[in-house]
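**Student:** Encoded as structure tokens, here's the structure I'll be asking about.
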Amino acid sequence: MKNVLGRKQNESNDHFLQVWNAIGEYVTKEEAEKATKAKDIFLANMSHEIRTPLNAILGINEIILRDGKDEATTAHARDIKIAGNSLLSIINQILDFSKVESGKMDIITVEYSTSDLFYEVVNMTKLRALGKNIGYNVYVDPNLPETLYGDELRIRQVLLNLINNAIKYTKEGEVNVNVTFSKVNR
């Protein structure tokens with residue numbers, strides 16, 4: 001069974017690469033649709049291949065967080081969790097791009113912790129700013145509720161993209177992240 005699936009995956013990937021190499025040449029609508037389908041299959045297969053070991057790493061890391069007694073080790077494990085979740089988020093963004101193109105994007109609304117969200121986002125981005133030797137300042141409005149209702153994953157993606165781009169394009173000086181809150185009456 002695995003050989004059949006692997007062969008189909010390779011055929012799909014080969015087709016994707018053939019179409020990719022033909023970019024810039026005239027292609028029919030049918031060829032373009034085949035290319036899109038091949039790309040979707042390729043992205044789904046690759047994301048699965050990357051997610052599986054990443055989820056194993058995150059699972060083992062959860063055991064360290066739960067059972068760890070040494071504070072330094074658990075601090076490192078918290079950093080691993082944040083970095084792993086960041087990588088998982090990037091993989092999901094790649095898949096989301098494919099879903100947007102095909103019109104299959106779903107918004108999933110949940111109740112989420114704003115302090116957890118910003119803690120993770122700041123920890124995922126601050127080292128990059130420090131590595132560039134630029135300032136990194138965060139202000140969160142004290143009136144921001146502890147919990148909000150929305151698509152936490154998409155909100156995290158937008159925040160990470162905005163902050164990472166600000167860091168990327170700041171040559172010197174500082175990046176300031178200001179989170180304010182105002183209630184919308186409906």
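A note on labels: chains of the structure tokens are A, B, ... as shown, every chain counts residues from 1, and ligands are counted from 1 in their shown order.
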I want to know what sits within 7 Å of segment 139-151 of chain A, based on only C-alpha atoms, with residues of the same chain fewer than 5 positions away left out; could you give that as a compact mmCIF listing (two decimals) with all heavy atoms, in the first residue's frame?

**Tutor:**
```txt
# COMPACT_ATOMS: atom_id res chain seq x y z
N ILE A 107 -12.93 30.13 8.38
CA ILE A 107 -12.61 30.91 9.57
C ILE A 107 -13.16 30.13 10.76
O ILE A 107 -14.33 29.77 10.80
CB ILE A 107 -13.26 32.32 9.51
CG1 ILE A 107 -12.77 33.09 8.28
CG2 ILE A 107 -13.01 33.09 10.78
CD1 ILE A 107 -11.29 33.38 8.26
N ILE A 108 -12.28 29.87 11.72
CA ILE A 108 -12.68 29.10 12.90
C ILE A 108 -12.61 30.02 14.11
O ILE A 108 -11.54 30.44 14.52
CB ILE A 108 -11.74 27.89 13.10
CG1 ILE A 108 -11.79 27.00 11.86
CG2 ILE A 108 -12.12 27.11 14.35
CD1 ILE A 108 -10.73 25.95 11.82
N THR A 109 -13.77 30.34 14.65
CA THR A 109 -13.81 31.25 15.79
C THR A 109 -13.86 30.46 17.09
O THR A 109 -14.62 29.50 17.23
CB THR A 109 -15.03 32.20 15.70
OG1 THR A 109 -16.22 31.43 15.51
CG2 THR A 109 -14.90 33.14 14.52
N VAL A 110 -13.00 30.89 18.00
CA VAL A 110 -12.90 30.27 19.32
C VAL A 110 -12.66 31.38 20.34
O VAL A 110 -12.27 32.49 20.00
CB VAL A 110 -11.74 29.25 19.39
CG1 VAL A 110 -11.98 28.08 18.47
CG2 VAL A 110 -10.41 29.90 19.11
N GLU A 111 -12.87 31.04 21.61
CA GLU A 111 -12.49 31.95 22.68
C GLU A 111 -11.01 31.71 22.95
O GLU A 111 -10.58 30.56 23.06
CB GLU A 111 -13.33 31.66 23.92
CG GLU A 111 -13.12 32.67 25.03
CD GLU A 111 -14.09 32.45 26.18
OE1 GLU A 111 -15.21 32.95 26.10
OE2 GLU A 111 -13.67 31.76 27.12
N TYR A 112 -10.22 32.78 23.02
CA TYR A 112 -8.78 32.62 23.22
C TYR A 112 -8.28 33.66 24.22
O TYR A 112 -8.89 34.70 24.42
CB TYR A 112 -8.01 32.71 21.90
CG TYR A 112 -8.13 34.05 21.22
CD1 TYR A 112 -7.18 35.04 21.44
CD2 TYR A 112 -9.18 34.32 20.36
CE1 TYR A 112 -7.28 36.28 20.83
CE2 TYR A 112 -9.29 35.55 19.74
CZ TYR A 112 -8.34 36.52 19.97
OH TYR A 112 -8.45 37.74 19.37
N SER A 113 -7.14 33.32 24.82
CA SER A 113 -6.50 34.19 25.81
C SER A 113 -5.63 35.21 25.09
O SER A 113 -4.69 34.84 24.38
CB SER A 113 -5.66 33.35 26.76
OG SER A 113 -4.77 34.18 27.49
N THR A 114 -5.90 36.49 25.30
CA THR A 114 -5.09 37.52 24.66
C THR A 114 -3.68 37.56 25.24
O THR A 114 -2.71 37.76 24.51
CB THR A 114 -5.75 38.91 24.81
OG1 THR A 114 -5.98 39.18 26.19
CG2 THR A 114 -7.07 38.98 24.06
N SER A 115 -3.54 37.33 26.55
CA SER A 115 -2.20 37.36 27.13
C SER A 115 -1.35 36.20 26.59
O SER A 115 -0.17 36.40 26.29
CB SER A 115 -2.26 37.33 28.66
OG SER A 115 -2.89 36.17 29.12
N VAL A 177 5.45 47.79 19.01
CA VAL A 177 4.19 47.07 18.84
C VAL A 177 3.22 47.63 19.87
O VAL A 177 3.45 47.49 21.07
CB VAL A 177 4.38 45.55 19.04
CG1 VAL A 177 3.05 44.82 18.90
CG2 VAL A 177 5.43 45.01 18.08
N ASN A 178 2.18 48.28 19.39
CA ASN A 178 1.18 48.88 20.29
C ASN A 178 -0.17 48.20 20.06
O ASN A 178 -0.71 48.25 18.96
CB ASN A 178 1.04 50.37 20.03
CG ASN A 178 2.32 51.12 20.37
OD1 ASN A 178 2.83 50.99 21.46
ND2 ASN A 178 2.82 51.88 19.42
N VAL A 179 -0.68 47.57 21.10
CA VAL A 179 -1.96 46.89 21.02
C VAL A 179 -2.96 47.70 21.84
O VAL A 179 -2.80 47.85 23.04
CB VAL A 179 -1.87 45.45 21.58
CG1 VAL A 179 -3.20 44.75 21.46
CG2 VAL A 179 -0.76 44.67 20.89
N THR A 180 -3.95 48.24 21.14
CA THR A 180 -4.99 49.02 21.83
C THR A 180 -6.31 48.32 21.72
O THR A 180 -6.48 47.39 20.93
CB THR A 180 -5.09 50.44 21.22
OG1 THR A 180 -5.42 50.33 19.84
CG2 THR A 180 -3.78 51.20 21.39
N PHE A 181 -7.24 48.78 22.50
CA PHE A 181 -8.55 48.14 22.54
C PHE A 181 -9.65 49.20 22.57
O PHE A 181 -9.54 50.18 23.29
CB PHE A 181 -8.68 47.27 23.80
CG PHE A 181 -10.05 46.71 24.02
CD1 PHE A 181 -10.50 45.64 23.27
CD2 PHE A 181 -10.91 47.27 24.96
CE1 PHE A 181 -11.77 45.12 23.46
CE2 PHE A 181 -12.18 46.77 25.15
CZ PHE A 181 -12.62 45.69 24.40
```

**Student:** Can you list, as an mmCIF file with N, CA, C and O atoms, in the first residue's frame, every residue of segment 74-185 of chain A that DSSP puts in helix (DSSP H, G or I)?

**Tutor:**
```cif
data_model
loop_
_atom_site.group_PDB
_atom_site.id
_atom_site.type_symbol
_atom_site.label_atom_id
_atom_site.label_comp_id
_atom_site.auth_asym_id
_atom_site.auth_seq_id
_atom_site.Cartn_x
_atom_site.Cartn_y
_atom_site.Cartn_z
ATOM 1 N N THR A 74 12.953 23.319 31.832
ATOM 2 C CA THR A 74 11.571 23.661 31.480
ATOM 3 C C THR A 74 11.503 25.003 30.760
ATOM 4 O O THR A 74 10.651 25.195 29.894
ATOM 5 N N ALA A 75 12.410 25.916 31.074
ATOM 6 C CA ALA A 75 12.452 27.196 30.344
ATOM 7 C C ALA A 75 12.815 26.948 28.882
ATOM 8 O O ALA A 75 12.211 27.519 27.975
ATOM 9 N N HIS A 76 13.792 26.070 28.659
ATOM 10 C CA HIS A 76 14.161 25.716 27.279
ATOM 11 C C HIS A 76 13.003 25.003 26.584
ATOM 12 O O HIS A 76 12.746 25.229 25.397
ATOM 13 N N ALA A 77 12.305 24.155 27.318
ATOM 14 C CA ALA A 77 11.173 23.424 26.743
ATOM 15 C C ALA A 77 10.053 24.392 26.351
ATOM 16 O O ALA A 77 9.382 24.190 25.340
ATOM 17 N N ARG A 78 9.851 25.445 27.145
ATOM 18 C CA ARG A 78 8.842 26.454 26.779
ATOM 19 C C ARG A 78 9.246 27.157 25.479
ATOM 20 O O ARG A 78 8.412 27.423 24.617
ATOM 21 N N ASP A 79 10.551 27.435 25.335
ATOM 22 C CA ASP A 79 11.045 28.045 24.091
ATOM 23 C C ASP A 79 10.856 27.103 22.906
ATOM 24 O O ASP A 79 10.486 27.534 21.810
ATOM 25 N N ILE A 80 11.097 25.810 23.118
ATOM 26 C CA ILE A 80 10.885 24.817 22.056
ATOM 27 C C ILE A 80 9.418 24.793 21.657
ATOM 28 O O ILE A 80 9.078 24.729 20.470
ATOM 29 N N LYS A 81 8.536 24.862 22.642
ATOM 30 C CA LYS A 81 7.092 24.851 22.355
ATOM 31 C C LYS A 81 6.714 26.056 21.506
ATOM 32 O O LYS A 81 5.981 25.928 20.523
ATOM 33 N N ILE A 82 7.212 27.203 21.862
ATOM 34 C CA ILE A 82 6.886 28.422 21.117
ATOM 35 C C ILE A 82 7.433 28.342 19.693
ATOM 36 O O ILE A 82 6.722 28.625 18.728
ATOM 37 N N ALA A 83 8.688 27.917 19.561
ATOM 38 C CA ALA A 83 9.293 27.816 18.229
ATOM 39 C C ALA A 83 8.596 26.748 17.393
ATOM 40 O O ALA A 83 8.345 26.954 16.199
ATOM 41 N N GLY A 84 8.269 25.634 17.999
ATOM 42 C CA GLY A 84 7.570 24.565 17.280
ATOM 43 C C GLY A 84 6.205 25.000 16.814
ATOM 44 O O GLY A 84 5.792 24.718 15.680
ATOM 45 N N ASN A 85 5.486 25.698 17.686
ATOM 46 C CA ASN A 85 4.168 26.201 17.297
ATOM 47 C C ASN A 85 4.286 27.261 16.200
ATOM 48 O O ASN A 85 3.426 27.355 15.333
ATOM 49 N N SER A 86 5.355 28.029 16.239
ATOM 50 C CA SER A 86 5.596 29.015 15.188
ATOM 51 C C SER A 86 5.824 28.322 13.852
ATOM 52 O O SER A 86 5.272 28.721 12.822
ATOM 53 N N LEU A 87 6.637 27.278 13.855
ATOM 54 C CA LEU A 87 6.891 26.518 12.626
ATOM 55 C C LEU A 87 5.608 25.873 12.122
ATOM 56 O O LEU A 87 5.317 25.904 10.922
ATOM 57 N N LEU A 88 4.821 25.326 13.023
ATOM 58 C CA LEU A 88 3.542 24.736 12.645
ATOM 59 C C LEU A 88 2.628 25.797 12.033
ATOM 60 O O LEU A 88 1.932 25.546 11.044
ATOM 61 N N SER A 89 2.664 26.989 12.583
ATOM 62 C CA SER A 89 1.876 28.097 12.047
ATOM 63 C C SER A 89 2.313 28.459 10.625
ATOM 64 O O SER A 89 1.478 28.717 9.757
ATOM 65 N N ILE A 90 3.617 28.453 10.376
ATOM 66 C CA ILE A 90 4.128 28.750 9.035
ATOM 67 C C ILE A 90 3.652 27.696 8.041
ATOM 68 O O ILE A 90 3.218 28.015 6.927
ATOM 69 N N ILE A 91 3.716 26.434 8.445
ATOM 70 C CA ILE A 91 3.242 25.353 7.585
ATOM 71 C C ILE A 91 1.759 25.551 7.283
ATOM 72 O O ILE A 91 1.312 25.410 6.143
ATOM 73 N N ASN A 92 1.003 25.904 8.308
ATOM 74 C CA ASN A 92 -0.431 26.150 8.105
ATOM 75 C C ASN A 92 -0.671 27.334 7.176
ATOM 76 O O ASN A 92 -1.623 27.324 6.387
ATOM 77 N N GLN A 93 0.184 28.350 7.253
ATOM 78 C CA GLN A 93 0.040 29.498 6.349
ATOM 79 C C GLN A 93 0.223 29.079 4.899
ATOM 80 O O GLN A 93 -0.496 29.550 4.017
ATOM 81 N N ILE A 94 1.175 28.199 4.656
ATOM 82 C CA ILE A 94 1.403 27.715 3.294
ATOM 83 C C ILE A 94 0.160 26.988 2.797
ATOM 84 O O ILE A 94 -0.296 27.204 1.675
ATOM 85 N N LEU A 95 -0.408 26.158 3.650
ATOM 86 C CA LEU A 95 -1.636 25.455 3.268
ATOM 87 C C LEU A 95 -2.797 26.417 3.102
ATOM 88 O O LEU A 95 -3.613 26.262 2.198
ATOM 89 N N ASP A 96 -2.875 27.413 3.974
ATOM 90 C CA ASP A 96 -3.948 28.393 3.880
ATOM 91 C C ASP A 96 -3.894 29.153 2.571
ATOM 92 O O ASP A 96 -4.922 29.452 1.971
ATOM 93 N N PHE A 97 -2.693 29.479 2.106
ATOM 94 C CA PHE A 97 -2.542 30.171 0.835
ATOM 95 C C PHE A 97 -3.173 29.336 -0.277
ATOM 96 O O PHE A 97 -3.895 29.844 -1.127
ATOM 97 N N SER A 98 -2.924 28.051 -0.238
ATOM 98 C CA SER A 98 -3.505 27.145 -1.229
ATOM 99 C C SER A 98 -5.023 27.110 -1.094
ATOM 100 O O SER A 98 -5.746 27.099 -2.088
ATOM 101 N N LYS A 99 -5.508 27.109 0.146
ATOM 102 C CA LYS A 99 -6.957 27.090 0.369
ATOM 103 C C LYS A 99 -7.614 28.375 -0.116
ATOM 104 O O LYS A 99 -8.719 28.345 -0.657
ATOM 105 N N VAL A 100 -6.955 29.509 0.088
ATOM 106 C CA VAL A 100 -7.503 30.790 -0.377
ATOM 107 C C VAL A 100 -7.639 30.766 -1.893
ATOM 108 O O VAL A 100 -8.663 31.169 -2.446
ATOM 109 N N GLU A 101 -6.597 30.259 -2.558
ATOM 110 C CA GLU A 101 -6.629 30.190 -4.018
ATOM 111 C C GLU A 101 -7.780 29.328 -4.519
ATOM 112 O O GLU A 101 -8.370 29.608 -5.540
ATOM 113 N N SER A 102 -8.085 28.259 -3.795
ATOM 114 C CA SER A 102 -9.135 27.354 -4.239
ATOM 115 C C SER A 102 -10.502 27.710 -3.656
ATOM 116 O O SER A 102 -11.484 27.032 -3.930
ATOM 117 N N THR A 114 -5.895 36.485 25.300
ATOM 118 C CA THR A 114 -5.086 37.524 24.658
ATOM 119 C C THR A 114 -3.680 37.558 25.238
ATOM 120 O O THR A 114 -2.714 37.756 24.507
ATOM 121 N N SER A 115 -3.543 37.325 26.547
ATOM 122 C CA SER A 115 -2.200 37.356 27.131
ATOM 123 C C SER A 115 -1.353 36.202 26.594
ATOM 124 O O SER A 115 -0.170 36.396 26.289
ATOM 125 N N ASP A 116 -1.939 35.014 26.449
ATOM 126 C CA ASP A 116 -1.193 33.891 25.871
ATOM 127 C C ASP A 116 -0.801 34.189 24.426
ATOM 128 O O ASP A 116 0.325 33.925 24.009
ATOM 129 N N LEU A 117 -1.734 34.739 23.664
ATOM 130 C CA LEU A 117 -1.473 35.055 22.259
ATOM 131 C C LEU A 117 -0.307 36.029 22.129
ATOM 132 O O LEU A 117 0.643 35.780 21.380
ATOM 133 N N PHE A 118 -0.344 37.127 22.874
ATOM 134 C CA PHE A 118 0.721 38.125 22.752
ATOM 135 C C PHE A 118 2.038 37.643 23.339
ATOM 136 O O PHE A 118 3.106 37.971 22.834
ATOM 137 N N TYR A 119 1.973 36.845 24.398
ATOM 138 C CA TYR A 119 3.201 36.260 24.965
ATOM 139 C C TYR A 119 3.905 35.420 23.903
ATOM 140 O O TYR A 119 5.115 35.535 23.697
ATOM 141 N N GLU A 120 3.143 34.560 23.219
ATOM 142 C CA GLU A 120 3.723 33.705 22.184
ATOM 143 C C GLU A 120 4.257 34.519 21.010
ATOM 144 O O GLU A 120 5.356 34.270 20.518
ATOM 145 N N VAL A 121 3.472 35.497 20.553
ATOM 146 C CA VAL A 121 3.893 36.315 19.402
ATOM 147 C C VAL A 121 5.165 37.091 19.733
ATOM 148 O O VAL A 121 6.106 37.131 18.929
ATOM 149 N N VAL A 122 5.213 37.684 20.897
ATOM 150 C CA VAL A 122 6.400 38.456 21.297
ATOM 151 C C VAL A 122 7.617 37.535 21.394
ATOM 152 O O VAL A 122 8.697 37.863 20.901
ATOM 153 N N ASN A 123 7.442 36.365 22.013
ATOM 154 C CA ASN A 123 8.573 35.447 22.147
ATOM 155 C C ASN A 123 9.033 34.883 20.810
ATOM 156 O O ASN A 123 10.199 34.546 20.643
ATOM 157 N N MET A 124 8.133 34.784 19.843
ATOM 158 C CA MET A 124 8.506 34.288 18.519
ATOM 159 C C MET A 124 9.235 35.338 17.695
ATOM 160 O O MET A 124 9.905 35.011 16.731
ATOM 161 N N THR A 125 9.100 36.612 18.061
ATOM 162 C CA THR A 125 9.647 37.681 17.219
ATOM 163 C C THR A 125 10.790 38.463 17.860
ATOM 164 O O THR A 125 11.615 39.026 17.145
ATOM 165 N N LYS A 126 10.868 38.500 19.174
ATOM 166 C CA LYS A 126 11.836 39.386 19.820
ATOM 167 C C LYS A 126 13.288 39.003 19.552
ATOM 168 O O LYS A 126 14.146 39.869 19.421
ATOM 169 N N LEU A 127 13.584 37.703 19.477
ATOM 170 C CA LEU A 127 14.966 37.288 19.237
ATOM 171 C C LEU A 127 15.465 37.762 17.883
ATOM 172 O O LEU A 127 16.632 38.122 17.730
ATOM 173 N N ARG A 128 14.579 37.798 16.907
ATOM 174 C CA ARG A 128 14.962 38.295 15.579
ATOM 175 C C ARG A 128 15.340 39.775 15.660
ATOM 176 O O ARG A 128 16.318 40.202 15.050
ATOM 177 N N ALA A 129 14.558 40.545 16.405
ATOM 178 C CA ALA A 129 14.862 41.969 16.560
ATOM 179 C C ALA A 129 16.176 42.156 17.309
ATOM 180 O O ALA A 129 17.016 42.973 16.912
ATOM 181 N N LEU A 130 16.357 41.402 18.376
ATOM 182 C CA LEU A 130 17.593 41.508 19.147
ATOM 183 C C LEU A 130 18.796 41.086 18.306
ATOM 184 O O LEU A 130 19.871 41.665 18.426
ATOM 185 N N GLY A 131 18.593 40.075 17.450
ATOM 186 C CA GLY A 131 19.663 39.620 16.567
ATOM 187 C C GLY A 131 20.085 40.678 15.557
ATOM 188 O O GLY A 131 21.222 40.691 15.092
ATOM 189 N N GLU A 152 -8.255 32.695 16.299
ATOM 190 C CA GLU A 152 -6.961 32.908 16.946
ATOM 191 C C GLU A 152 -5.798 32.630 15.997
ATOM 192 O O GLU A 152 -4.820 33.373 15.967
ATOM 193 N N LEU A 153 -5.898 31.586 15.212
ATOM 194 C CA LEU A 153 -4.820 31.232 14.290
ATOM 195 C C LEU A 153 -4.581 32.342 13.269
ATOM 196 O O LEU A 153 -3.444 32.743 13.024
ATOM 197 N N ARG A 154 -5.648 32.863 12.688
ATOM 198 C CA ARG A 154 -5.505 33.927 11.678
ATOM 199 C C ARG A 154 -4.999 35.226 12.313
ATOM 200 O O ARG A 154 -4.190 35.932 11.731
ATOM 201 N N ILE A 155 -5.469 35.507 13.517
ATOM 202 C CA ILE A 155 -5.007 36.705 14.211
ATOM 203 C C ILE A 155 -3.512 36.582 14.502
ATOM 204 O O ILE A 155 -2.737 37.513 14.287
ATOM 205 N N ARG A 156 -3.073 35.405 14.957
ATOM 206 C CA ARG A 156 -1.654 35.162 15.214
ATOM 207 C C ARG A 156 -0.853 35.321 13.921
ATOM 208 O O ARG A 156 0.212 35.937 13.908
ATOM 209 N N GLN A 157 -1.364 34.780 12.816
ATOM 210 C CA GLN A 157 -0.673 34.883 11.530
ATOM 211 C C GLN A 157 -0.495 36.339 11.114
ATOM 212 O O GLN A 157 0.585 36.739 10.677
ATOM 213 N N VAL A 158 -1.545 37.120 11.254
ATOM 214 C CA VAL A 158 -1.478 38.535 10.871
ATOM 215 C C VAL A 158 -0.465 39.268 11.748
ATOM 216 O O VAL A 158 0.380 40.016 11.245
ATOM 217 N N LEU A 159 -0.529 39.043 13.061
ATOM 218 C CA LEU A 159 0.416 39.694 13.971
ATOM 219 C C LEU A 159 1.858 39.306 13.646
ATOM 220 O O LEU A 159 2.747 40.165 13.577
ATOM 221 N N LEU A 160 2.099 38.006 13.450
ATOM 222 C CA LEU A 160 3.451 37.554 13.131
ATOM 223 C C LEU A 160 3.948 38.156 11.818
ATOM 224 O O LEU A 160 5.100 38.590 11.721
ATOM 225 N N ASN A 161 3.084 38.194 10.817
ATOM 226 C CA ASN A 161 3.488 38.768 9.524
ATOM 227 C C ASN A 161 3.812 40.255 9.658
ATOM 228 O O ASN A 161 4.827 40.727 9.133
ATOM 229 N N LEU A 162 2.962 40.997 10.355
ATOM 230 C CA LEU A 162 3.195 42.435 10.526
ATOM 231 C C LEU A 162 4.487 42.704 11.302
ATOM 232 O O LEU A 162 5.321 43.517 10.889
ATOM 233 N N ILE A 163 4.646 42.017 12.417
ATOM 234 C CA ILE A 163 5.824 42.259 13.263
ATOM 235 C C ILE A 163 7.098 41.778 12.571
ATOM 236 O O ILE A 163 8.111 42.489 12.573
ATOM 237 N N ASN A 164 7.050 40.586 11.975
ATOM 238 C CA ASN A 164 8.244 40.085 11.277
ATOM 239 C C ASN A 164 8.635 40.996 10.113
ATOM 240 O O ASN A 164 9.827 41.214 9.875
ATOM 241 N N ASN A 165 7.664 41.533 9.395
ATOM 242 C CA ASN A 165 7.984 42.465 8.310
ATOM 243 C C ASN A 165 8.564 43.769 8.859
ATOM 244 O O ASN A 165 9.491 44.333 8.273
ATOM 245 N N ALA A 166 8.022 44.241 9.976
ATOM 246 C CA ALA A 166 8.566 45.461 10.588
ATOM 247 C C ALA A 166 10.022 45.240 10.984
ATOM 248 O O ALA A 166 10.883 46.096 10.730
ATOM 249 N N ILE A 167 10.315 44.094 11.567
ATOM 250 C CA ILE A 167 11.694 43.779 11.969
ATOM 251 C C ILE A 167 12.574 43.626 10.732
ATOM 252 O O ILE A 167 13.687 44.155 10.676
ATOM 253 N N LYS A 168 12.065 42.922 9.748
ATOM 254 C CA LYS A 168 12.841 42.656 8.526
ATOM 255 C C LYS A 168 13.260 43.951 7.829
ATOM 256 O O LYS A 168 14.388 44.073 7.353
ATOM 257 N N TYR A 169 12.359 44.930 7.771
ATOM 258 C CA TYR A 169 12.635 46.148 7.009
ATOM 259 C C TYR A 169 13.150 47.303 7.856
ATOM 260 O O TYR A 169 13.346 48.400 7.350
#
```

**Student:** Can you measure atom CA of Ala56 of chain A to atom CA of Lys39 of chain A for me? One decimal in Å is fine.

**Tutor:** 26.0 Å

**Student:** Pick from A:Ala44, A:Val175, A:Ile50, A:Leu58: nearest to Asn137 of chain A, with only C-alpha atoms counted?

**Tutor:**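 The shortest atom-to-atom distance to Asn137 of chain A comes from A:Val175.
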
**Student:** Would you work out the distance separating atom CA of Asn133 of chain A from atom CA of Glu172 of chain A, expressed in Å to one decimal?

**Tutor:** 7.7 Å

**Student:** Interatomic distance between atom CA of Ile57 of chain A and atom CA of Phe42 of chain A?

**Tutor:**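 Separation between atom CA of Ile57 of chain A and atom CA of Phe42 of chain A: 23.2 Å.
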